[in-house]
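The structure file query_34.cif is reproduced below (mmCIF, C-alpha atoms).
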```cif
data_target
#
loop_
_atom_site.group_PDB
_atom_site.id
_atom_site.type_symbol
_atom_site.label_atom_id
_atom_site.label_comp_id
_atom_site.auth_asym_id
_atom_site.auth_seq_id
_atom_site.Cartn_x
_atom_site.Cartn_y
_atom_site.Cartn_z
ATOM 1 C CA ALA O 262 39.712 -209.314 -12.107
ATOM 2 C CA ASN O 263 42.162 -208.018 -9.526
ATOM 3 C CA GLY O 264 41.045 -208.062 -5.922
ATOM 4 C CA GLY O 265 41.423 -210.060 -2.758
ATOM 5 C CA ASN O 266 44.335 -212.427 -3.272
ATOM 6 C CA ILE O 267 44.433 -212.020 -7.099
ATOM 7 C CA SER O 268 46.679 -209.494 -8.831
ATOM 8 C CA GLY O 269 48.086 -209.005 -12.307
ATOM 9 C CA ALA O 270 44.809 -209.708 -14.089
ATOM 10 C CA ARG O 271 45.704 -207.253 -16.865
ATOM 11 C CA THR O 272 49.393 -208.175 -17.110
ATOM 12 C CA ALA O 273 51.444 -211.077 -18.474
ATOM 13 C CA THR O 274 51.620 -212.676 -15.007
ATOM 14 C CA LEU O 275 48.582 -213.595 -12.923
ATOM 15 C CA THR O 276 49.369 -213.981 -9.221
ATOM 16 C CA ILE O 277 47.133 -215.790 -6.746
ATOM 17 C CA ALA O 278 48.544 -215.350 -3.241
ATOM 18 C CA ASN O 279 47.688 -217.629 -0.308
ATOM 19 C CA ILE O 280 45.793 -220.114 -2.476
ATOM 20 C CA ALA O 281 42.687 -221.534 -0.806
ATOM 21 C CA ALA O 282 40.035 -224.047 -1.921
ATOM 22 C CA GLN O 283 37.847 -221.303 -3.402
ATOM 23 C CA ASP O 284 40.679 -220.504 -5.850
ATOM 24 C CA PHE O 285 40.638 -224.001 -7.396
ATOM 25 C CA ALA O 286 39.202 -223.362 -10.855
ATOM 26 C CA ASN O 287 40.041 -223.102 -14.533
ATOM 27 C CA TYR O 288 41.874 -219.958 -15.626
ATOM 28 C CA ALA O 289 42.354 -218.670 -19.179
ATOM 29 C CA ALA O 290 43.946 -215.597 -20.685
ATOM 30 C CA ARG O 291 41.767 -213.447 -22.907
ATOM 31 C CA VAL O 292 43.430 -211.015 -25.279
ATOM 32 C CA ILE O 293 41.274 -208.260 -26.725
ATOM 33 C CA SER O 294 42.291 -206.014 -29.610
ATOM 34 C CA TYR O 295 40.776 -202.560 -29.475
ATOM 35 C CA ASP O 296 41.818 -201.774 -33.061
ATOM 36 C CA SER O 297 38.602 -200.248 -34.452
ATOM 37 C CA ALA O 298 39.498 -201.402 -37.981
ATOM 38 C CA ASN O 299 40.022 -205.019 -36.911
ATOM 39 C CA PRO O 300 38.505 -205.798 -33.478
ATOM 40 C CA ALA O 301 39.306 -209.290 -32.216
ATOM 41 C CA SER O 302 39.236 -211.393 -29.066
ATOM 42 C CA PHE O 303 41.235 -214.549 -28.403
ATOM 43 C CA THR O 304 41.047 -216.837 -25.384
ATOM 44 C CA SER O 305 43.845 -219.228 -24.440
ATOM 45 C CA THR O 306 43.451 -222.848 -23.457
ATOM 46 C CA ALA O 307 42.339 -223.050 -19.825
ATOM 47 C CA ALA O 308 44.806 -223.978 -17.094
ATOM 48 C CA SER O 309 43.370 -225.834 -14.101
ATOM 49 C CA LEU O 310 44.410 -224.913 -10.585
ATOM 50 C CA THR O 311 43.848 -227.866 -8.253
ATOM 51 C CA SER O 312 45.209 -228.951 -4.887
ATOM 52 C CA ALA O 313 47.763 -231.098 -6.766
ATOM 53 C CA THR O 314 48.914 -228.381 -9.189
ATOM 54 C CA SER O 315 52.607 -227.575 -9.322
ATOM 55 C CA CYS O 316 52.990 -223.915 -10.237
ATOM 56 C CA SER O 317 54.946 -223.185 -13.382
ATOM 57 C CA GLY O 318 58.425 -221.945 -12.728
ATOM 58 C CA THR O 319 58.842 -224.162 -9.677
ATOM 59 C CA THR O 320 60.996 -227.235 -9.858
ATOM 60 C CA ASN O 321 61.532 -229.912 -7.258
ATOM 61 C CA ARG O 322 65.249 -229.269 -6.769
ATOM 62 C CA ALA O 323 65.665 -232.479 -4.740
ATOM 63 C CA LEU O 324 64.514 -234.834 -7.513
ATOM 64 C CA GLY O 325 67.328 -237.284 -8.287
ATOM 65 C CA LYS O 326 69.873 -235.545 -6.042
ATOM 66 C CA ALA O 327 72.301 -237.232 -3.633
ATOM 67 C CA VAL O 328 70.765 -238.223 -0.302
ATOM 68 C CA THR O 329 72.355 -239.414 2.929
ATOM 69 C CA ALA O 330 70.796 -240.437 6.212
ATOM 70 C CA SER O 331 71.786 -241.380 9.723
ATOM 71 C CA SER O 332 70.550 -244.919 8.983
ATOM 72 C CA PHE O 333 68.200 -247.132 6.974
ATOM 73 C CA ILE O 334 66.705 -250.445 8.037
ATOM 74 C CA ALA O 335 67.321 -252.681 5.010
ATOM 75 C CA ALA O 336 67.723 -252.951 1.255
ATOM 76 C CA GLY O 337 64.695 -251.394 -0.424
ATOM 77 C CA TYR O 338 64.490 -248.582 2.152
ATOM 78 C CA GLU O 339 67.596 -246.620 1.110
ATOM 79 C CA PRO O 340 67.732 -242.826 1.517
ATOM 80 C CA ALA O 341 67.675 -242.222 -2.277
ATOM 81 C CA LYS O 342 64.059 -243.458 -2.363
ATOM 82 C CA VAL O 343 62.895 -240.043 -1.052
ATOM 83 C CA VAL O 344 63.990 -238.203 -4.215
ATOM 84 C CA ASP O 345 62.695 -240.621 -6.879
ATOM 85 C CA GLY O 346 59.410 -238.754 -7.526
ATOM 86 C CA ASN O 347 57.275 -241.608 -6.156
ATOM 87 C CA THR O 348 55.062 -240.449 -3.277
ATOM 88 C CA THR O 349 53.178 -243.713 -2.715
ATOM 89 C CA THR O 350 55.302 -246.864 -3.005
ATOM 90 C CA THR O 351 59.040 -246.263 -2.463
ATOM 91 C CA ARG O 352 60.339 -244.900 0.814
ATOM 92 C CA TRP O 353 63.207 -244.459 3.226
ATOM 93 C CA ALA O 354 62.887 -246.083 6.648
ATOM 94 C CA SER O 355 65.319 -245.324 9.460
ATOM 95 C CA ALA O 356 66.641 -247.450 12.282
ATOM 96 C CA TYR O 357 64.126 -247.872 15.092
ATOM 97 C CA SER O 358 65.985 -246.178 17.948
ATOM 98 C CA GLY O 359 66.654 -242.550 18.769
ATOM 99 C CA SER O 360 66.555 -239.418 16.670
ATOM 100 C CA GLN O 361 67.287 -239.875 12.971
ATOM 101 C CA TRP O 362 68.031 -237.552 10.062
ATOM 102 C CA ILE O 363 67.938 -237.522 6.281
ATOM 103 C CA GLN O 364 69.434 -234.858 4.030
ATOM 104 C CA VAL O 365 69.541 -233.865 0.387
ATOM 105 C CA ASP O 366 72.615 -232.385 -1.295
ATOM 106 C CA LEU O 367 71.291 -229.952 -3.917
ATOM 107 C CA GLY O 368 74.742 -229.754 -5.544
ATOM 108 C CA ALA O 369 75.036 -225.982 -5.163
ATOM 109 C CA VAL O 370 73.691 -223.219 -2.955
ATOM 110 C CA VAL O 371 70.186 -222.430 -4.274
ATOM 111 C CA ALA O 372 67.105 -220.549 -3.095
ATOM 112 C CA VAL O 373 64.813 -222.633 -0.878
ATOM 113 C CA SER O 374 61.225 -221.446 -0.401
ATOM 114 C CA ARG O 375 59.352 -224.692 0.235
ATOM 115 C CA VAL O 376 60.016 -228.144 1.709
ATOM 116 C CA LYS O 377 57.318 -230.765 1.206
ATOM 117 C CA LEU O 378 57.455 -234.033 3.139
ATOM 118 C CA THR O 379 55.244 -237.040 2.361
ATOM 119 C CA TRP O 380 55.424 -239.439 5.300
ATOM 120 C CA ASP O 381 54.565 -243.085 5.788
ATOM 121 C CA PRO O 382 52.394 -243.748 8.901
ATOM 122 C CA ALA O 383 55.714 -243.949 10.797
ATOM 123 C CA TYR O 384 55.993 -240.162 10.550
ATOM 124 C CA ALA O 385 57.783 -237.596 12.662
ATOM 125 C CA THR O 386 55.624 -235.879 15.250
ATOM 126 C CA ASP O 387 58.564 -233.635 16.137
ATOM 127 C CA TYR O 388 61.218 -232.567 13.656
ATOM 128 C CA GLN O 389 63.416 -229.731 12.471
ATOM 129 C CA ILE O 390 64.222 -228.511 8.981
ATOM 130 C CA LEU O 391 67.931 -227.667 8.955
ATOM 131 C CA THR O 392 69.989 -226.033 6.211
ATOM 132 C CA SER O 393 73.682 -225.792 5.476
ATOM 133 C CA ASN O 394 75.951 -224.435 2.768
ATOM 134 C CA ASN O 395 78.835 -226.783 3.627
ATOM 135 C CA GLY O 396 77.265 -229.935 5.121
ATOM 136 C CA SER O 397 78.801 -229.415 8.561
ATOM 137 C CA SER O 398 77.444 -226.154 10.023
ATOM 138 C CA TRP O 399 73.647 -226.299 10.318
ATOM 139 C CA THR O 400 70.980 -223.650 10.845
ATOM 140 C CA THR O 401 67.485 -224.490 12.072
ATOM 141 C CA LEU O 402 65.025 -223.146 9.529
ATOM 142 C CA ARG O 403 61.894 -224.409 11.303
ATOM 143 C CA SER O 404 61.025 -226.649 14.263
ATOM 144 C CA TYR O 405 57.795 -228.588 14.624
ATOM 145 C CA THR O 406 56.226 -230.340 17.585
ATOM 146 C CA GLY O 407 52.968 -232.247 17.625
ATOM 147 C CA ASN O 408 52.725 -232.957 13.881
ATOM 148 C CA THR O 409 49.766 -235.230 13.052
ATOM 149 C CA SER O 410 49.798 -235.018 9.244
ATOM 150 C CA LEU O 411 51.254 -237.407 6.679
ATOM 151 C CA VAL O 412 51.943 -234.520 4.285
ATOM 152 C CA ASN O 413 53.795 -231.465 5.579
ATOM 153 C CA ASP O 414 53.999 -228.680 3.010
ATOM 154 C CA ASN O 415 56.335 -226.146 4.577
ATOM 155 C CA THR O 416 55.920 -222.954 2.552
ATOM 156 C CA GLY O 417 57.084 -219.391 3.035
ATOM 157 C CA LEU O 418 60.690 -220.393 3.624
ATOM 158 C CA ASN O 419 63.152 -217.749 2.577
ATOM 159 C CA THR O 420 66.713 -219.001 2.556
ATOM 160 C CA SER O 421 69.506 -220.337 0.393
ATOM 161 C CA ALA O 422 71.267 -223.630 1.033
ATOM 162 C CA ARG O 423 73.103 -226.514 -0.573
ATOM 163 C CA TYR O 424 71.992 -229.098 1.991
ATOM 164 C CA VAL O 425 68.540 -229.503 3.512
ATOM 165 C CA ARG O 426 68.141 -231.928 6.419
ATOM 166 C CA ILE O 427 65.122 -233.274 8.267
ATOM 167 C CA ASN O 428 65.997 -234.195 11.834
ATOM 168 C CA GLY O 429 63.300 -236.387 13.363
ATOM 169 C CA THR O 430 63.121 -236.330 17.159
ATOM 170 C CA GLY O 431 59.581 -237.527 17.987
ATOM 171 C CA LYS O 432 57.815 -240.534 16.431
ATOM 172 C CA ALA O 433 54.171 -241.267 15.704
ATOM 173 C CA LEU O 434 54.930 -244.988 16.174
ATOM 174 C CA PRO O 435 57.572 -245.191 18.930
ATOM 175 C CA GLN O 436 58.341 -248.869 18.259
ATOM 176 C CA TRP O 437 59.451 -248.057 14.691
ATOM 177 C CA GLY O 438 61.764 -245.502 13.134
ATOM 178 C CA PHE O 439 60.925 -242.647 10.781
ATOM 179 C CA SER O 440 59.677 -243.377 7.279
ATOM 180 C CA LEU O 441 59.435 -240.873 4.444
ATOM 181 C CA TYR O 442 58.042 -241.446 0.935
ATOM 182 C CA GLU O 443 59.204 -238.189 -0.627
ATOM 183 C CA PHE O 444 61.344 -235.177 0.315
ATOM 184 C CA GLU O 445 60.696 -232.287 -2.080
ATOM 185 C CA ILE O 446 62.559 -228.977 -2.105
ATOM 186 C CA TYR O 447 61.448 -225.914 -4.094
#
```

Using the file provided, produce a representation of the structure as structure tokens.
Amino acid sequence: ANGGNISGARTATLTIANIAAQDFANYAARVISYDSANPASFTSTAASLTSATSCSGTTNRALGKAVTASSFIAAGYEPAKVVDGNTTTTRWASAYSGSQWIQVDLGAVVAVSRVKLTWDPAYATDYQILTSNNGSSWTTLRSYTGNTSLVNDNTGLNTSARYVRINGTGKALPQWGFSLYEFEIY
């Protein structure tokens, strides 16, 4: 039923805005025929909405794209590791000193509404999300200070860009660099 953060209950598209834990459930479409000569009711297979669900129609635009970085510490920690779809075992690790950046070339200017970062414990406490259409002129999309989370799901972004860069300026582990398992762009 429509109400609260749910709309479109009687249309082809169900929308759940600002998803919260209470919305995690199974959802199914039920089609009812009101033909008095042949009444019928059909229910679709249920779709589960969980905290790990990727909404249909959204694609990780960064997956398999070209990646460059200001540095990486050694073989096995190359920048391309952040777009391989593996959020637990392969990662990029930067040089230990100073600010560092990593960027994805999406290949064309596309809509960007979400940037999800999955960090190693050597995460950025302070960072900026920067965008560019040409790879040389950058615009700050968001700035963060005091991050304490290993997963940063930056939603509600409303821009278009070919390049998306993470510029790390503050480190959780000052003796190390920055280390990122996955860099997802939607």

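Remark: for Glu443 in chain O, the closest of the candidate residues O:Asp366, O:Asp414, O:Asp345, O:Glu339 is O:Asp345 (distances computed over only C-alpha atoms).
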
**OP:** Rank O:Ala372, O:Ile277, O:Ala308, O:Val328 by their smallest atom-to-atom distance to Ala290 in chain O, using all atoms listed in the file, and report the top residue only.
**Re:**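 Smallest distance to Ala290 in chain O is found for O:Ala308.
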
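Between Ala286 in chain O and the residues O:Ala262, O:Ala301, O:Ile267, O:Leu310, the shortest atom-to-atom distance, using all atoms listed in the file, involves O:Leu310.
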
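The residue that comes closest to Leu411 in chain O, out of O:Gly438, O:Pro382, O:Pro340, O:Gly431 and on the basis of only C-alpha atoms, is O:Pro382.
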
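Shortest separation to Asn413 in chain O among O:Ala356, O:Ala341, O:Ile293, O:Ile427 occurs at residue O:Ile427, atoms counted being all atoms listed in the file.
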
Subject >> Long-range neighbours of range 329-334 of chain O as a PyMOL selection string, 7 Å cut-off, all atoms listed in the file, 3 positions minimum in chain >> reply: chain O and resi 338-340+353-356+361-365
